[in-house]
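Chemist: So here's structure.txt (compact mmCIF, C-alpha atoms and all ligand atoms).
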# COMPACT_ATOMS: atom_id res chain seq x y z
CA MET A 1 176.53 -53.28 -32.49
CA VAL A 2 173.22 -55.05 -32.19
CA GLY A 3 171.06 -56.42 -29.38
CA ILE A 4 167.71 -58.19 -29.39
CA ASP A 5 165.36 -59.37 -26.66
CA ILE A 6 162.04 -61.20 -26.47
CA GLU A 7 159.90 -61.61 -23.34
CA LYS A 8 156.56 -63.14 -22.43
CA ILE A 9 153.93 -60.52 -21.60
CA ASN A 10 152.62 -62.53 -18.63
CA ARG A 11 155.99 -62.09 -16.90
CA PHE A 12 154.73 -58.59 -15.95
CA GLU A 13 151.23 -59.55 -14.82
CA HIS A 14 151.78 -59.62 -11.09
CA TRP A 15 154.25 -56.80 -10.70
CA THR A 16 153.49 -54.27 -7.96
CA LYS A 17 153.53 -50.51 -8.56
CA GLU A 18 156.86 -50.41 -6.75
CA GLY A 19 158.19 -53.10 -9.07
CA TYR A 20 157.29 -51.04 -12.13
CA ALA A 21 158.77 -47.92 -10.56
CA ARG A 22 162.09 -49.70 -10.02
CA ILE A 23 162.48 -50.55 -13.71
CA PHE A 24 160.43 -47.97 -15.62
CA THR A 25 160.58 -44.17 -15.61
CA ASP A 26 157.56 -41.94 -14.87
CA GLU A 27 157.34 -41.10 -18.59
CA GLU A 28 157.34 -44.77 -19.57
CA ILE A 29 154.67 -45.54 -16.96
CA SER A 30 152.37 -42.73 -18.06
CA TYR A 31 152.85 -43.67 -21.74
CA ALA A 32 152.05 -47.36 -21.15
CA MET A 33 149.09 -46.69 -18.87
CA GLN A 34 147.24 -44.80 -21.64
CA PHE A 35 146.63 -48.13 -23.35
CA GLU A 36 144.39 -51.04 -22.52
CA ASN A 37 147.27 -53.37 -23.45
CA TYR A 38 149.66 -51.61 -21.08
CA LEU A 39 151.41 -54.88 -20.13
CA GLU A 40 152.48 -55.29 -23.77
CA ARG A 41 153.87 -51.76 -23.70
CA PHE A 42 155.83 -52.37 -20.49
CA CYS A 43 157.11 -55.63 -21.89
CA GLY A 44 158.30 -53.84 -25.05
CA PHE A 45 160.17 -51.25 -22.99
CA PHE A 46 161.74 -53.99 -20.91
CA CYS A 47 162.93 -55.70 -24.10
CA VAL A 48 164.52 -52.43 -25.25
CA LYS A 49 166.42 -52.16 -21.97
CA GLU A 50 167.77 -55.71 -22.25
CA ALA A 51 168.53 -55.36 -25.96
CA PHE A 52 170.41 -52.11 -25.27
CA ILE A 53 172.56 -53.85 -22.64
CA LYS A 54 173.34 -56.61 -25.16
CA ALA A 55 174.18 -54.11 -27.90
CA ILE A 56 176.39 -51.90 -25.75
CA ASP A 57 177.97 -54.95 -24.06
CA ASP A 58 178.05 -53.28 -20.66
CA ASP A 59 175.83 -54.37 -17.78
CA SER A 60 176.83 -51.57 -15.42
CA ILE A 61 173.85 -49.47 -16.49
CA VAL A 62 170.64 -49.58 -14.42
CA TYR A 63 167.42 -50.32 -16.31
CA LYS A 64 165.82 -47.01 -15.39
CA GLU A 65 168.66 -45.12 -17.05
CA ILE A 66 167.53 -46.59 -20.38
CA GLU A 67 164.36 -44.60 -21.05
CA VAL A 68 162.10 -45.23 -24.03
CA LEU A 69 160.33 -42.14 -25.39
CA HIS A 70 158.32 -41.65 -28.59
CA THR A 71 158.33 -39.09 -31.41
CA ASP A 72 155.09 -37.41 -32.50
CA THR A 73 154.56 -40.22 -35.01
CA GLY A 74 154.91 -42.90 -32.31
CA LYS A 75 158.42 -44.01 -33.25
CA PRO A 76 160.29 -45.13 -30.12
CA TYR A 77 163.77 -43.93 -29.19
CA ILE A 78 166.13 -44.08 -26.23
CA LYS A 79 166.61 -40.78 -24.39
CA ARG A 80 170.20 -39.56 -24.68
CA THR A 81 171.20 -39.05 -21.04
CA GLU A 82 174.67 -37.96 -20.01
CA TYR A 83 175.41 -41.52 -18.87
CA ILE A 84 174.32 -43.06 -22.18
CA ASN A 85 176.28 -40.48 -24.17
CA GLU A 86 179.33 -41.33 -22.08
CA LEU A 87 178.90 -45.07 -22.77
CA LEU A 88 178.57 -44.40 -26.52
CA LYS A 89 181.68 -42.24 -26.46
CA GLU A 90 183.66 -45.03 -24.77
CA LYS A 91 182.60 -47.41 -27.55
CA HIS A 92 183.23 -44.81 -30.29
CA LYS A 93 179.58 -44.91 -31.35
CA SER A 94 177.10 -42.12 -31.89
CA THR A 95 173.65 -43.36 -32.90
CA ILE A 96 171.05 -45.66 -31.34
CA ASP A 97 168.15 -47.07 -33.33
CA ILE A 98 165.43 -49.18 -31.79
CA SER A 99 162.32 -51.01 -32.88
CA ILE A 100 159.60 -52.66 -30.78
CA SER A 101 156.81 -55.10 -31.62
CA HIS A 102 154.28 -56.76 -29.35
CA CYS A 103 151.26 -59.03 -29.38
CA LYS A 104 149.15 -60.71 -26.67
CA GLU A 105 151.84 -63.24 -25.75
CA TYR A 106 155.21 -61.66 -26.51
CA ALA A 107 157.10 -58.43 -27.00
CA VAL A 108 160.36 -58.09 -28.87
CA ALA A 109 162.82 -55.24 -29.37
CA ILE A 110 165.96 -54.68 -31.34
CA VAL A 111 168.63 -52.05 -30.66
CA ILE A 112 171.28 -51.04 -33.19
CA ILE A 113 174.19 -48.85 -32.08
CA GLU A 114 176.47 -47.39 -34.75
C1 LIG B 201 153.32 -48.26 -36.43
C2 LIG B 201 152.80 -49.60 -36.88
C3 LIG B 201 153.65 -50.14 -38.01
C4 LIG B 201 152.81 -50.57 -35.70
O1 LIG B 201 152.57 -51.90 -36.12
P1 LIG B 201 151.61 -52.90 -35.33
O2 LIG B 201 151.69 -54.21 -35.97
O3 LIG B 201 150.29 -52.24 -35.14
O4 LIG B 201 152.20 -52.99 -33.83
P2 LIG B 201 153.59 -53.57 -33.30
O5 LIG B 201 153.31 -54.25 -32.02
O6 LIG B 201 154.35 -54.34 -34.34
O7 LIG B 201 154.41 -52.23 -33.04
C5 LIG B 201 154.04 -51.37 -32.02
C6 LIG B 201 155.23 -50.50 -31.77
O8 LIG B 201 155.60 -49.85 -32.99
C7 LIG B 201 156.36 -48.71 -32.65
N1 LIG B 201 155.95 -47.61 -33.50
C8 LIG B 201 154.81 -46.89 -33.48
N2 LIG B 201 154.82 -45.94 -34.44
C9 LIG B 201 156.01 -46.06 -35.08
C10 LIG B 201 156.63 -45.35 -36.15
N3 LIG B 201 156.05 -44.33 -36.74
N4 LIG B 201 157.87 -45.74 -36.56
C11 LIG B 201 158.50 -46.76 -35.95
N5 LIG B 201 157.97 -47.46 -34.92
C12 LIG B 201 156.73 -47.11 -34.50
C13 LIG B 201 156.09 -48.41 -31.17
O9 LIG B 201 157.26 -48.72 -30.44
C14 LIG B 201 154.97 -49.38 -30.82
O10 LIG B 201 155.03 -49.89 -29.52
P3 LIG B 201 154.94 -48.93 -28.23
O11 LIG B 201 153.97 -47.83 -28.58
O12 LIG B 201 154.46 -49.83 -27.15
O13 LIG B 201 156.34 -48.41 -28.02
C15 LIG B 201 151.37 -49.51 -37.41
O14 LIG B 201 150.48 -49.24 -36.36
C16 LIG B 201 151.22 -48.41 -38.46
O15 LIG B 201 152.02 -48.20 -39.34
N6 LIG B 201 150.20 -47.69 -38.37
C17 LIG B 201 150.00 -46.56 -39.27
C18 LIG B 201 149.58 -47.01 -40.60
C19 LIG B 201 148.26 -47.63 -40.56
O16 LIG B 201 147.60 -47.68 -39.54
N7 LIG B 201 147.84 -48.07 -41.71
C20 LIG B 201 146.60 -48.73 -41.85
C21 LIG B 201 146.86 -50.16 -42.25
S1 LIG B 201 145.61 -50.71 -43.33
Would you give me this structure, written as structure tokens?
Ligand SMILES: CC(C)(COP(=O)(O)OP(=O)(O)OC[C@H]1O[C@@H](n2cnc3c(N)ncnc32)[C@H](O)[C@@H]1OP(=O)(O)O)[C@@H](O)C(=O)NCCC(=O)NCCS
Modeler:
Amino acid sequence: MVGIDIEKINRFEHWTKEGYARIFTDEEISYAMQFENYLERFCGFFCVKEAFIKAIDDDSIVYKEIEVLHTDTGKPYIKRTEYINELLKEKHKSTIDISISHCKEYAVAIVIIE
């Protein structure tokens, strides 16, 4: 199962702190805020959330439940919460792979569930 999403970075320019906190987890916020191009980072995470919803074909999940973390080498992954594990079980799937890319104007993410 595959999902992809692309978003304009400037979509996130005027979001309030509360807006970010509704969509992004504390971990995602502190990761993104380390970087000067933090809007690109937020946009990439947002793309992962939408791409995951497309891949899993279930829009009952709230965005904050889909959390993007990183390995020591910087590779992004989706945290395996109880809710996500349950969704995967329902679909008879077990792995989630993601990839993110961003530049000044756009971010894109792909999610593959197998
Ligand atoms: C990781 C790397 C491929 C990213 O490519 P890039 O064109 O700079 O940036 P992109 O916007 O396409 O990708 C950035 C995203 O890649 C992902 N990423 C970072 N490290 C990764 C890794 N080890 N594996 C997979 N994905 C990775 C992250 O999701 C990152 O976005 P995020 O931190 O906001 O989540 C690149 O920085 C790299 O390989 N660096 C190490 C090698 C290097 O610097 N060589 C020198 C070249 S001469």
Chemist: Give as a PyMOL selection string the residues surrounding ligand LIG 201 (chain B) up to a distance of 9 Å, considering all atoms listed in the file.
Modeler: chain A and resi 31-32+35+37-38+40-45+68-77+98-103+107-109
Chemist: May I ask for the distance between atom CA of A:Asn10 and atom CA of A:Lys104, given in Å to one decimal place?
Modeler: 8.9 Å
Chemist: Measure the distance from atom CA of A:Tyr63 to atom CA of A:Thr81 in Å and round it to one decimal.
Modeler: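 Distance reported for this atom pair: 12.8 Å.
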Chemist: I want to know what sits within 6 Å of A:Lys8, based on all atoms listed in the file, with residues of the same chain fewer than 2 positions away left out; could you give that as a VMD selection string?
Modeler: chain A and resid 10 to 11 105 to 106
Chemist: Quick one: of A:Tyr83, A:Phe52, A:Phe12, A:Phe46, who's nearest to A:Phe24, counting only C-alpha atoms?
Modeler: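 Closest candidate: A:Phe46.
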Chemist: Can you tell me which residues surround A:Val111 at a distance of at most 8 Å, considering all atoms listed in the file, apart from same-chain residues fewer than 3 positions away, and format the answer as a VMD selection string?
Modeler: chain A and resid 2 to 4 48 51 to 52 55 96 to 99
Chemist: Any chance you could work out the axis-aligned box around stretch 39-57 of chain A, listed atoms only, 8 Å on each side, giving centre and edge lengths in Å to one decimal, as lines of an AutoDock Vina configuration file?
Modeler:
center_x = 164.7
center_y = -53.9
center_z = -24.0
size_x = 42.6
size_y = 21.4
size_z = 23.8
Chemist: Find, counting all atoms listed in the file, the residue in A:Glu67, A:Lys54, A:Ile29, A:Asp5 that gets nearest to A:Arg80.
Modeler: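 Of the candidates, the smallest distance to A:Arg80 is held by A:Glu67.
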Chemist: Restricting the calculation to all atoms listed in the file: of A:Glu114, A:Gln34, A:Ile56, A:Leu39, which residue gets closest to A:Trp15?
Modeler: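 Selected residue with least distance to A:Trp15: A:Leu39.
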Chemist: What gap, in Å, lies between atom CA of A:Ser30 and atom CA of A:Cys47?
Modeler: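 Separating atom CA of A:Ser30 from atom CA of A:Cys47 is a distance of 17.8 Å.
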